[in-house]
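> So that you have it, the file is input30.txt, and it contains compact mmCIF, C-alpha atoms:
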# COMPACT_ATOMS: atom_id res chain seq x y z
CA MET A 117 8.38 133.16 -3.58
CA LYS A 118 8.40 129.87 -1.69
CA LEU A 119 11.56 129.78 0.41
CA ILE A 120 13.01 127.14 2.75
CA ILE A 121 15.65 128.24 5.26
CA CYS A 122 17.65 125.52 7.00
CA GLY A 123 19.07 126.63 10.35
CA ALA A 124 17.41 129.14 12.71
CA GLY A 125 20.55 130.76 14.07
CA VAL A 126 21.26 134.48 13.71
CA ILE A 127 21.45 134.34 9.89
CA GLY A 128 18.50 132.01 9.42
CA SER A 129 16.14 133.76 11.83
CA ASN A 130 17.00 137.24 10.51
CA LEU A 131 16.48 136.06 6.94
CA ALA A 132 13.18 134.42 7.79
CA ARG A 133 11.89 137.53 9.55
CA SER A 134 12.89 139.88 6.73
CA LEU A 135 11.50 137.65 4.00
CA ALA A 136 8.24 136.94 5.82
CA GLU A 137 7.74 140.70 6.28
CA GLU A 138 8.20 141.10 2.52
CA GLY A 139 5.33 138.66 1.97
CA HIS A 140 7.27 135.55 0.92
CA ASP A 141 6.12 132.04 1.85
CA VAL A 142 8.85 131.04 4.32
CA THR A 143 9.49 127.71 6.04
CA LEU A 144 12.25 127.54 8.65
CA ILE A 145 13.82 124.20 9.60
CA GLU A 146 15.74 123.90 12.89
CA GLN A 147 17.06 120.78 14.62
CA LYS A 148 17.17 122.11 18.21
CA ASP A 149 13.84 122.49 20.00
CA SER A 150 14.95 125.52 22.05
CA VAL A 151 16.23 127.41 18.99
CA ALA A 152 13.06 126.56 17.06
CA ASP A 153 10.92 127.86 19.95
CA ARG A 154 12.80 131.18 19.94
CA ALA A 155 12.32 131.43 16.19
CA ARG A 156 8.56 130.93 16.53
CA GLU A 157 8.42 133.86 18.94
CA LYS A 158 10.27 136.22 16.58
CA VAL A 159 9.38 135.07 13.07
CA ASP A 160 6.00 135.00 11.34
CA ALA A 161 6.82 131.83 9.42
CA ARG A 162 6.25 128.09 9.52
CA VAL A 163 8.88 126.42 11.73
CA LEU A 164 9.66 122.69 11.47
CA VAL A 165 11.77 120.87 14.07
CA GLY A 166 14.21 118.32 12.71
CA SER A 167 17.25 117.91 10.48
CA ALA A 168 16.99 119.56 7.08
CA PHE A 169 19.08 116.67 5.76
CA ASP A 170 16.25 114.31 6.72
CA PRO A 171 14.36 113.62 3.46
CA ALA A 172 11.04 113.45 5.30
CA ILE A 173 11.57 116.90 6.86
CA LEU A 174 12.75 118.48 3.62
CA GLU A 175 9.85 116.92 1.72
CA SER A 176 7.39 118.14 4.38
CA ALA A 177 8.80 121.64 3.99
CA GLY A 178 7.89 121.55 0.30
CA ALA A 179 11.31 121.24 -1.31
CA ALA A 180 9.78 119.92 -4.54
CA GLY A 181 8.09 123.24 -5.22
CA ALA A 182 10.57 125.58 -3.55
CA ASP A 183 11.90 128.58 -5.44
CA MET A 184 14.96 128.61 -3.18
CA VAL A 185 16.54 126.50 -0.42
CA ILE A 186 19.01 128.35 1.81
CA ALA A 187 21.24 126.18 4.02
CA VAL A 188 22.82 128.18 6.86
CA THR A 189 23.34 125.58 9.60
CA ASN A 190 26.60 125.53 11.57
CA SER A 191 28.02 122.69 9.43
CA ASP A 192 29.52 123.41 6.00
CA VAL A 193 29.24 119.77 4.94
CA ILE A 194 25.61 119.51 6.00
CA ASN A 195 24.79 122.74 4.15
CA LEU A 196 26.23 121.36 0.91
CA SER A 197 24.47 118.05 1.48
CA ILE A 198 21.13 119.81 2.04
CA CYS A 199 21.55 121.63 -1.27
CA SER A 200 22.29 118.35 -3.05
CA LEU A 201 19.19 116.71 -1.56
CA ALA A 202 17.03 119.77 -2.29
CA SER A 203 18.22 119.65 -5.90
CA ALA A 204 17.09 116.03 -6.15
CA TYR A 205 13.65 117.10 -4.97
CA GLY A 206 13.50 119.82 -7.60
CA ALA A 207 14.21 123.05 -5.70
CA LYS A 208 15.00 125.76 -8.25
CA ARG A 209 17.93 127.55 -6.52
CA LYS A 210 20.19 126.49 -3.67
CA ILE A 211 22.44 128.64 -1.45
CA ALA A 212 24.90 127.21 1.09
CA ARG A 213 26.90 128.89 3.81
CA VAL A 214 30.46 127.51 3.69
CA ARG A 215 33.01 129.03 6.08
CA ASP A 216 35.98 126.73 5.46
CA MET A 217 38.16 128.39 2.83
CA ALA A 218 39.68 125.07 1.71
CA LEU A 219 36.23 123.58 1.13
CA THR A 220 35.13 126.74 -0.67
CA GLY A 221 38.15 126.36 -2.93
CA ILE A 222 37.23 122.76 -3.73
CA VAL A 223 33.67 123.78 -4.63
CA GLU A 224 34.94 126.52 -6.95
CA LYS A 225 37.61 124.22 -8.45
CA PHE A 226 35.21 121.48 -9.48
CA GLY A 227 32.27 123.79 -10.12
CA ARG A 228 29.17 124.59 -8.06
CA ALA A 229 27.02 122.48 -10.35
CA HIS A 230 29.00 119.42 -9.25
CA PHE A 231 27.76 120.06 -5.69
CA HIS A 232 24.23 121.07 -6.81
CA VAL A 233 24.63 124.55 -5.33
CA ASP A 234 24.04 127.88 -7.07
CA GLU A 235 25.70 130.26 -4.60
CA ILE A 236 28.26 129.97 -1.80
CA ILE A 237 28.16 132.39 1.14
CA ASN A 238 31.30 132.77 3.26
CA PRO A 239 30.72 135.20 6.17
CA ASP A 240 34.39 135.10 7.22
CA GLU A 241 35.58 136.23 3.81
CA PHE A 242 32.95 139.00 3.69
CA ALA A 243 34.13 140.17 7.11
CA ALA A 244 37.79 140.27 6.03
CA GLN A 245 36.97 142.27 2.90
CA THR A 246 34.86 144.72 4.91
CA ILE A 247 37.60 145.27 7.49
CA ILE A 248 40.12 146.00 4.73
CA LYS A 249 37.76 148.72 3.44
CA VAL A 250 37.64 150.19 6.97
CA VAL A 251 41.45 150.24 7.12
CA GLU A 252 41.58 151.95 3.71
CA ALA A 253 39.28 154.71 5.02
CA PRO A 254 40.66 155.74 8.45
CA GLY A 255 37.96 157.20 10.67
CA SER A 256 35.11 155.38 8.93
CA ARG A 257 32.56 153.53 11.05
CA GLU A 258 30.56 151.63 8.42
CA VAL A 259 31.52 150.80 4.85
CA ALA A 260 29.85 149.40 1.74
CA ASP A 261 30.74 149.43 -1.95
CA PHE A 262 28.38 149.62 -4.92
CA SER A 263 28.65 149.46 -8.71
CA GLU A 264 31.65 147.13 -8.57
CA GLY A 265 33.48 149.50 -6.23
CA ARG A 266 32.93 152.70 -8.21
CA ILE A 267 30.49 154.16 -5.65
CA LEU A 268 31.40 154.08 -1.95
CA LEU A 269 29.29 154.50 1.16
CA ARG A 270 31.25 155.56 4.22
CA SER A 271 30.07 156.85 7.59
CA PHE A 272 32.15 159.17 9.77
CA ASP A 273 31.83 160.72 13.21
CA ILE A 274 32.57 164.41 12.69
CA PRO A 275 35.34 165.78 14.96
CA THR A 276 35.28 169.33 16.33
CA ASN A 277 38.15 170.37 14.02
CA SER A 278 36.44 169.19 10.83
CA PRO A 279 35.81 172.00 8.31
CA LEU A 280 32.34 170.53 7.80
CA VAL A 281 31.23 171.64 11.27
CA GLY A 282 28.71 174.48 10.88
CA VAL A 283 28.35 173.97 7.13
CA THR A 284 24.81 174.03 5.76
CA LEU A 285 24.39 171.19 3.29
CA GLY A 286 22.78 173.42 0.70
CA THR A 287 25.98 175.48 0.50
CA LEU A 288 28.33 172.53 -0.14
CA GLY A 289 27.99 173.12 -3.87
CA ASP A 290 29.35 176.63 -3.40
CA LEU A 291 32.64 175.25 -2.02
CA ASP A 292 33.59 174.08 -5.51
CA LEU A 293 35.45 171.04 -4.19
CA PRO A 294 37.32 169.10 -6.91
CA TRP A 295 36.29 165.72 -5.39
CA PRO A 296 32.51 165.31 -5.24
CA PHE A 297 30.55 163.70 -2.40
CA LEU A 298 26.96 163.66 -1.19
CA VAL A 299 25.68 163.46 2.40
CA VAL A 300 22.74 161.03 2.34
CA ALA A 301 21.99 160.81 6.08
CA ILE A 302 22.86 162.34 9.45
CA HIS A 303 22.69 160.39 12.71
CA ARG A 304 22.75 162.81 15.64
CA GLY A 305 22.96 161.37 19.15
CA GLU A 306 19.74 159.67 20.21
CA GLU A 307 17.70 161.43 17.54
CA ASP A 308 16.13 159.64 14.60
CA VAL A 309 18.18 159.51 11.40
CA ILE A 310 17.86 162.69 9.34
CA ILE A 311 17.39 162.34 5.60
CA PRO A 312 19.10 165.65 4.80
CA ARG A 313 17.71 168.65 3.02
CA GLY A 314 19.53 171.80 1.97
CA GLU A 315 18.79 173.64 5.23
CA ASN A 316 20.41 171.00 7.49
CA THR A 317 23.68 172.00 9.16
CA VAL A 318 26.50 169.65 10.18
CA GLU A 319 27.31 169.60 13.90
CA SER A 320 30.31 168.26 15.81
CA GLY A 321 29.64 164.68 16.88
CA ASP A 322 27.26 163.96 13.99
CA ARG A 323 27.67 160.71 12.15
CA LEU A 324 27.51 161.46 8.44
CA TYR A 325 26.64 158.84 5.84
CA VAL A 326 28.34 159.86 2.62
CA LEU A 327 28.22 158.54 -0.95
CA LEU A 328 31.17 159.38 -3.16
CA PRO A 329 33.05 158.10 -6.22
CA LYS A 330 36.03 155.95 -5.33
CA THR A 331 38.29 158.56 -6.90
CA SER A 332 37.20 161.08 -4.24
CA LEU A 333 38.00 158.96 -1.19
CA ALA A 334 41.60 159.98 -0.36
CA GLU A 335 40.99 163.74 -0.64
CA PHE A 336 37.67 163.51 1.18
CA LEU A 337 39.29 161.69 4.12
CA THR A 338 41.86 164.44 4.50
CA TYR A 339 39.13 167.08 4.29
CA ILE A 340 36.72 165.55 6.81
CA HIS A 341 39.49 164.49 9.26
CA PRO A 342 42.40 166.96 8.87
CA SER A 343 44.72 164.81 11.01
CA VAL A 344 43.95 161.52 9.27
CA ARG A 345 46.68 159.33 7.82
CA LEU A 346 46.71 155.86 6.32
CA PRO A 347 47.75 153.23 8.90
CA ARG A 348 51.35 152.06 8.94
CA LYS A 349 51.01 149.45 11.71
CA VAL A 350 48.11 147.09 12.44
CA ILE A 351 47.66 144.37 15.06
CA VAL A 352 45.24 141.55 14.24
CA TYR A 353 44.07 139.22 17.03
CA GLY A 354 42.62 135.82 16.12
CA ALA A 355 43.93 133.19 13.68
CA THR A 356 40.44 132.41 12.43
CA GLY A 357 39.45 132.13 8.78
CA THR A 358 38.72 135.85 8.87
CA GLY A 359 42.06 136.58 10.52
CA MET A 360 44.13 134.59 8.04
CA SER A 361 42.41 136.16 5.05
CA LEU A 362 42.65 139.61 6.63
CA VAL A 363 46.39 139.61 7.40
CA ARG A 364 47.19 138.42 3.89
CA GLY A 365 45.23 141.36 2.48
CA LEU A 366 46.66 143.89 4.93
CA ALA A 367 50.23 142.80 4.21
CA LEU A 368 49.79 144.17 0.69
CA MET A 369 48.87 147.67 1.93
CA VAL A 370 50.26 148.20 5.45
CA LYS A 371 53.94 148.50 6.32
CA GLU A 372 53.78 146.37 9.51
CA VAL A 373 51.23 143.70 10.43
CA VAL A 374 51.42 141.84 13.76
CA PHE A 375 49.31 138.71 14.19
CA LEU A 376 48.34 137.73 17.76
CA GLU A 377 46.91 134.30 18.66
CA GLU A 378 46.37 132.77 22.10
CA ASN A 379 46.31 129.13 20.95
CA ARG A 380 49.85 127.83 20.42
CA VAL A 381 48.94 125.29 17.73
CA ARG A 382 47.05 127.88 15.67
CA ALA A 383 49.84 130.44 16.20
CA GLU A 384 52.49 128.01 14.97
CA LYS A 385 50.35 127.03 11.99
CA ALA A 386 49.86 130.70 11.07
CA ALA A 387 53.59 131.39 11.41
CA GLY A 388 54.32 128.51 9.05
CA GLU A 389 51.85 129.70 6.42
CA LEU A 390 52.45 133.46 6.50
CA SER A 391 55.52 135.21 5.12
CA GLY A 392 56.69 138.63 6.29
CA ILE A 393 54.16 138.81 9.14
CA ARG A 394 55.22 138.70 12.79
CA VAL A 395 53.13 136.13 14.69
CA ILE A 396 52.99 136.33 18.51
CA HIS A 397 51.54 133.66 20.79
CA GLY A 398 49.81 135.12 23.83
CA MET A 399 46.62 136.31 25.50
CA PRO A 400 45.20 139.59 24.13
CA SER A 401 44.01 140.55 27.62
CA ASP A 402 47.62 140.45 28.89
CA ALA A 403 49.02 143.99 28.91
CA ASP A 404 52.60 142.67 28.63
CA ILE A 405 51.70 140.74 25.47
CA LEU A 406 50.10 143.84 23.95
CA ARG A 407 53.27 145.81 24.75
CA GLU A 408 55.32 143.10 23.02
CA CYS A 409 53.07 143.61 19.98
CA GLY A 410 53.83 147.35 20.14
CA VAL A 411 50.25 148.41 20.81
CA GLU A 412 51.29 151.95 21.85
CA ALA A 413 52.50 152.62 18.29
CA THR A 414 49.64 150.85 16.54
CA ASP A 415 47.28 152.68 14.22
CA ILE A 416 44.52 150.04 14.30
CA TYR A 417 43.91 147.07 16.60
CA ILE A 418 41.58 144.51 14.97
CA ALA A 419 40.04 141.64 16.97
CA VAL A 420 38.58 138.82 14.87
CA SER A 421 38.73 135.76 17.15
CA ALA A 422 35.75 133.41 17.50
CA ASN A 423 35.12 134.75 21.02
CA ASP A 424 33.07 137.97 20.92
CA HIS A 425 33.82 138.77 24.58
CA HIS A 426 37.58 138.43 24.11
CA ASN A 427 37.41 140.66 21.04
CA LEU A 428 35.57 143.38 22.94
CA ILE A 429 37.72 143.32 26.08
CA SER A 430 41.03 143.18 24.21
CA ALA A 431 40.02 146.10 21.96
CA VAL A 432 39.07 148.24 24.95
CA LEU A 433 42.43 147.43 26.58
CA ALA A 434 44.35 148.13 23.35
CA LYS A 435 42.66 151.52 23.03
CA GLN A 436 43.55 152.38 26.63
CA MET A 437 47.17 151.42 25.96
CA GLY A 438 47.55 153.67 22.93
CA ALA A 439 46.04 152.05 19.83
CA LYS A 440 44.62 154.90 17.75
CA GLY A 441 41.72 152.92 16.31
CA THR A 442 39.91 149.66 17.06
CA VAL A 443 37.78 147.27 15.02
CA ILE A 444 36.07 144.17 16.37
CA VAL A 445 34.19 141.25 14.89
CA ALA A 446 31.20 140.14 16.96
CA HIS A 447 28.64 137.58 15.88
CA GLN A 448 25.94 138.56 18.36
CA PRO A 449 23.92 141.58 17.14
CA GLU A 450 23.39 142.77 20.74
CA TYR A 451 26.99 144.01 20.80
CA ALA A 452 26.11 146.78 18.35
CA SER A 453 24.35 148.74 21.10
CA ILE A 454 27.36 148.87 23.44
CA VAL A 455 30.50 149.14 21.34
CA GLY A 456 30.20 152.89 20.73
CA GLY A 457 30.08 153.67 24.45
CA LEU A 458 33.24 151.61 24.98
CA GLY A 459 35.28 153.51 22.42
CA ILE A 460 35.26 150.84 19.73
CA ASP A 461 35.58 152.56 16.37
CA SER A 462 34.04 149.95 14.07
CA PHE A 463 31.89 146.86 14.62
CA ILE A 464 31.68 144.05 12.05
CA ASN A 465 29.00 141.37 12.22
CA PRO A 466 29.78 138.58 9.70
CA ARG A 467 26.31 137.09 10.05
CA LEU A 468 24.67 140.39 9.17
CA LEU A 469 26.94 140.70 6.12
CA ALA A 470 25.96 137.20 5.03
CA THR A 471 22.28 138.00 5.54
CA ASP A 472 22.61 141.05 3.29
CA GLN A 473 24.26 138.99 0.56
CA ILE A 474 21.53 136.36 0.63
CA LEU A 475 18.77 138.99 0.60
CA ARG A 476 20.39 140.51 -2.50
CA MET A 477 20.31 137.13 -4.22
CA ILE A 478 16.65 136.69 -3.36
CA HIS A 479 15.71 140.12 -4.69
CA GLY A 480 17.13 139.04 -8.04
CA SER A 481 18.33 141.22 -10.89
CA SER A 482 16.53 144.36 -9.65
CA VAL A 483 18.89 144.72 -6.64
CA CYS A 484 22.64 144.55 -7.35
CA GLN A 485 23.84 145.20 -3.81
CA LEU A 486 22.41 145.69 -0.34
CA ALA A 487 23.88 146.89 2.94
CA SER A 488 22.01 147.00 6.25
CA LEU A 489 22.85 149.72 8.78
CA PRO A 490 21.30 148.43 12.02
CA GLU A 491 22.56 151.29 14.19
CA CYS A 492 20.30 153.71 12.31
CA GLN A 493 17.65 151.19 11.18
CA SER A 494 18.34 151.94 7.54
CA GLN A 495 19.50 150.26 4.35
CA VAL A 496 21.46 151.21 1.26
CA LEU A 497 20.45 149.44 -1.93
CA GLU A 498 21.64 149.48 -5.51
CA PHE A 499 18.68 149.15 -7.86
CA ILE A 500 18.47 148.49 -11.57
CA PRO A 501 15.26 150.26 -12.71
CA ALA A 502 12.94 148.31 -14.97
CA PRO A 503 11.96 149.88 -18.32
CA GLY A 504 8.93 152.08 -17.78
CA SER A 505 9.37 152.17 -14.00
CA PRO A 506 8.16 155.36 -12.28
CA ILE A 507 11.70 156.40 -11.33
CA THR A 508 12.61 156.73 -15.04
CA LEU A 509 9.65 158.87 -16.11
CA ALA A 510 10.69 162.27 -14.75
CA PRO A 511 13.57 164.15 -13.10
CA LEU A 512 14.03 163.20 -9.44
CA ARG A 513 12.52 166.46 -8.17
CA GLU A 514 9.23 165.49 -9.86
CA VAL A 515 9.14 161.89 -8.64
CA LYS A 516 6.87 161.13 -5.69
CA PHE A 517 9.71 159.75 -3.61
CA PRO A 518 9.25 158.15 -0.14
CA ARG A 519 9.84 160.69 2.61
CA ASN A 520 12.43 158.53 4.38
CA ALA A 521 14.59 157.79 1.35
CA ILE A 522 17.03 159.60 -0.91
CA VAL A 523 18.71 158.78 -4.23
CA GLY A 524 22.43 159.24 -3.70
CA ALA A 525 24.24 158.27 -6.88
CA VAL A 526 23.76 156.85 -10.35
CA ASN A 527 26.24 154.71 -12.27
CA ARG A 528 25.69 155.19 -16.00
CA ASN A 529 28.10 153.47 -18.38
CA SER A 530 30.79 153.41 -15.64
CA GLU A 531 30.35 157.15 -14.97
CA VAL A 532 29.37 158.07 -11.41
CA ILE A 533 26.74 160.82 -11.14
CA LEU A 534 25.88 162.22 -7.72
CA ALA A 535 22.14 162.79 -7.71
CA LYS A 536 20.55 166.23 -7.97
CA GLY A 537 17.00 167.39 -8.44
CA ASN A 538 17.37 167.56 -12.21
CA THR A 539 18.92 164.08 -12.50
CA GLN A 540 16.75 161.71 -14.51
CA VAL A 541 17.30 158.00 -14.02
CA GLN A 542 17.40 155.91 -17.18
CA PRO A 543 16.72 152.19 -17.72
CA GLY A 544 20.03 150.37 -17.44
CA ASP A 545 21.44 152.76 -14.82
CA SER A 546 22.36 151.39 -11.42
CA VAL A 547 20.99 153.64 -8.71
CA VAL A 548 22.20 153.76 -5.09
CA VAL A 549 19.51 154.71 -2.58
CA PHE A 550 19.66 155.33 1.18
CA CYS A 551 16.39 154.57 2.96
CA LYS A 552 14.96 153.90 6.38
CA ASP A 553 13.57 150.41 6.76
CA GLU A 554 9.94 151.54 6.64
CA ALA A 555 10.40 153.13 3.19
CA LEU A 556 11.63 149.98 1.42
CA ARG A 557 8.29 148.73 0.10
CA LYS A 558 7.38 152.07 -1.53
CA LEU A 559 10.89 152.37 -2.90
CA GLU A 560 10.78 148.98 -4.61
CA LYS A 561 7.59 149.99 -6.45
CA LEU A 562 9.34 153.03 -7.91
CA PHE A 563 11.95 150.84 -9.57
CA ALA A 564 9.57 148.12 -10.76
CA GLY A 565 7.89 148.09 -14.17
CA LYS A 566 4.19 148.41 -14.95
CA HIS A 567 3.45 150.77 -12.09
CA THR A 568 2.27 154.35 -12.08
CA LEU A 569 3.14 157.26 -9.88
Show how you would write the structure in this file as structure tokens.

Amino acid sequence: MKLIICGAGVIGSNLARSLAEEGHDVTLIEQKDSVADRAREKVDARVLVGSAFDPAILESAGAAGADMVIAVTNSDVINLSICSLASAYGAKRKIARVRDMALTGIVEKFGRAHFHVDEIINPDEFAAQTIIKVVEAPGSREVADFSEGRILLRSFDIPTNSPLVGVTLGTLGDLDLPWPFLVVAIHRGEEDVIIPRGENTVESGDRLYVLLPKTSLAEFLTYIHPSVRLPRKVIVYGATGTGMSLVRGLALMVKEVVFLEENRVRAEKAAGELSGIRVIHGMPSDADILRECGVEATDIYIAVSANDHHNLISAVLAKQMGAKGTVIVAHQPEYASIVGGLGIDSFINPRLLATDQILRMIHGSSVCQLASLPECQSQVLEFIPAPGSPITLAPLREVKFPRNAIVGAVNRNSEVILAKGNTQVQPGDSVVVFCKDEALRKLEKLFAGKHTL
């Protein structure tokens, strides 16, 4: 495919790198010289310097013959304008990042066609939805949903009192648990990720990646973490777009939500718009302010401000002062390597979530959903196998499957089937697969038509 990406920030550069590695013809447009230079060092793609809203630049990039134009600059209005201009040149599909919820609402109200855009990506909204899933699954580190929410991926750090400690995975079937689940990966300390086999044994401190039907979640949480309970009080710091969307969602499921904002104008605006939510104006790094919020009795402290550093520091302080769990939003991917050592329970990167959504759109109908797991250099994908594809020709135990991948679950006519050796995938199924990054190419061939084993 011929793809044009406008904006070489975190989303744009990550997209360009991934798509170039897949063999696509990628052109990256970036207005700032310094950002463009960094992109050239990291991305094997053509990089043009200039404004993507400049007709000469967009024409030079090949908009007339582009299969897709993806506008992910820092300006919502410019992104929509780029899509409109690209449409005039004849680009087949257009995707725009739009963070402002009011503007997103206008686009949806009047129709995307009116703005010459095919898809809208809102990282803030993705982040809010992801955090709500974390809150719904206490103890989870990473979350993703597949098959319209019927199949869940959750990762958990296994405590010493978990009944799973010492259990050999091959014997899980003997436990005759009424709520099924499947361990699809084990991340153990500094070791490489383990794609599990029957002889692997769960150890205390392991991070397990588990696929399970949504109906199994509540019982599984109690089983894996005997002391777990659903949160009754949550503090959210940051009246950003993510924060506003998040507290509205949490108010429907949590008894007490406290909203903390350091900017007085934004705090007053939030207080005027939100009903039944206590809004406090103050600095999150001020211990007295956190005490006023009742941090010592808080189940989860969630930091979603626009300042990554403030989010990190305030979450560490909240944990020290008694918050049982902490979640932070950070836009810089480098934070992923340090949050675990600081006691942060879950790390959300909106830009990574947006990248995953755009990659899914580019993959087309063969991939329904995609979730990247950067901490273990792996991905979880939901495939729709093509008729005659190798994956449909034999039971899974007979398929020449990539060594670093595992089929976890199959959704067939709204029924969730956890994969076993005798499971045979059928055309029309949706199939959730866990794989290390290096196995993706081989995996895609298994689900494509007109290939042989």
> Tell me, as a list in words, which residues lie within 8 Å of A:Val163, counting all atoms listed in the file; anything in the same chain fewer than 6 positions away does not count.
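What passes the distance filter is Thr143, Leu144, Ile145, Glu146, Ala152, Ala155 and Arg156 of chain A.
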> Give me the residues within 12 Å of A:Thr276 as a PyMOL selection string, counting only C-alpha atoms and dropping any in the same chain fewer than 3 places off.
chain A and resi 273+279-282+318-322+340-343
> May I have the residues at most 9 Å from (31.4, 140.7, 19.0) in the file's coordinates, counting all atoms listed in the file, as a ChimeraX atom specification?
/A:419-420,422-428,444-452,455,463-465
> Nearest to A:Ala161: which of A:Glu138, A:Glu175, A:Glu560, A:Asp404 is it, counting only C-alpha atoms?
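Between A:Glu138, A:Glu175, A:Glu560, A:Asp404, the residue approaching A:Ala161 most closely is A:Glu138.
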> Can you measure atom CA of A:Phe499 to atom CA of A:Gln540 for me? One decimal in Å is fine.
14.3 Å
> What is the distance between atom CA of A:Val309 and atom CA of A:Ala253, in Å to one decimal?
22.6 Å
> What's around A:Cys199 at 9 Å? Count all atoms listed in the file, leave out sequence neighbours fewer than 3 positions away in its own chain, and write the answer as a PyMOL selection string.
chain A and resi 169+185-187+194-196+202-204+207+209-212+231-234
> Interatomic distance between atom CA of A:Gly392 and atom CA of A:Ile351?
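Rounded to one decimal, the two atoms are 13.8 Å apart.
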> Show me, as CSV, the residues of stretch 281-303 of chain A having an atom within 10 Å of stretch 522-529 of chain A, each with the closest atom pair and its distance in Å, using all atoms listed in the file.

residue,atom,partner,partner_atom,distance
A:Phe297,CA,A:Gly524,CA,9.4
A:Leu298,CA,A:Gly524,CA,6.8
A:Val299,CA,A:Gly524,CA,8.1
A:Val300,CA,A:Gly524,CA,6.3
A:Ala301,CA,A:Ile522,CA,8.7
> Tell me which residues come within 7 Å of (30.3, 152.1, 9.2), as a PDB file with C-alpha atoms, in the coordinates of the input, counting all atoms listed in the file in the file's coordinates.

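Wrote it out as part.pdb, contents follow:
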ATOM      1  CA  SER A 256      35.110 155.380   8.930  1.00  0.00           C
ATOM      2  CA  ARG A 257      32.560 153.530  11.050  1.00  0.00           C
ATOM      3  CA  GLU A 258      30.560 151.630   8.420  1.00  0.00           C
ATOM      4  CA  VAL A 259      31.520 150.800   4.850  1.00  0.00           C
ATOM      5  CA  ARG A 270      31.250 155.560   4.220  1.00  0.00           C
ATOM      6  CA  SER A 271      30.070 156.850   7.590  1.00  0.00           C
ATOM      7  CA  SER A 462      34.040 149.950  14.070  1.00  0.00           C
TER       8      SER A 462
END
> Hey, which of A:Ala564, A:Ala555, A:Ala243, A:Ala431 ends up closest to A:Ala521? Count all atoms listed in the file.
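Counting all atoms listed in the file, the residue closest to A:Ala521 is A:Ala555.
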> Could you check which of A:His397, A:Arg323, A:Arg467, A:Arg364 is closest to A:Gly128, using only C-alpha atoms?
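Closest to A:Gly128, using only C-alpha atoms: A:Arg467.
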> Rank nothing, just name the residue among A:Glu412, A:Glu224, A:Asp261, A:Asp170 nearest to A:Leu433, using all atoms listed in the file.
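Of A:Glu412, A:Glu224, A:Asp261, A:Asp170, the one nearest A:Leu433 is A:Glu412, counting all atoms listed in the file.
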> Fewer than 3 positions away in the same chain doesn't count, so skip those; otherwise give me all residues within 6 Å of stretch 470-486 of chain A, counting all atoms listed in the file, as a list of chain:residue names.
A:Ile127, A:Pro239, A:Arg467, A:Val496, A:Leu497, A:Glu498, A:Phe499, A:Ile500
> Tell me, as number ranges by chain, which residues lie within 12 Å of A:Val373, counting all atoms listed in the file; anything in the same chain fewer than 3 positions away does not count.
A: 347-353, 359-360, 362-370, 376, 390-396, 409-411, 413-418
> Between A:Ser150, A:Ser488, A:Thr539, A:Gln493, which is the closest to A:Pro511 once you count all atoms listed in the file?
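When distances to A:Pro511 are compared using all atoms listed in the file, the smallest one comes from A:Thr539.
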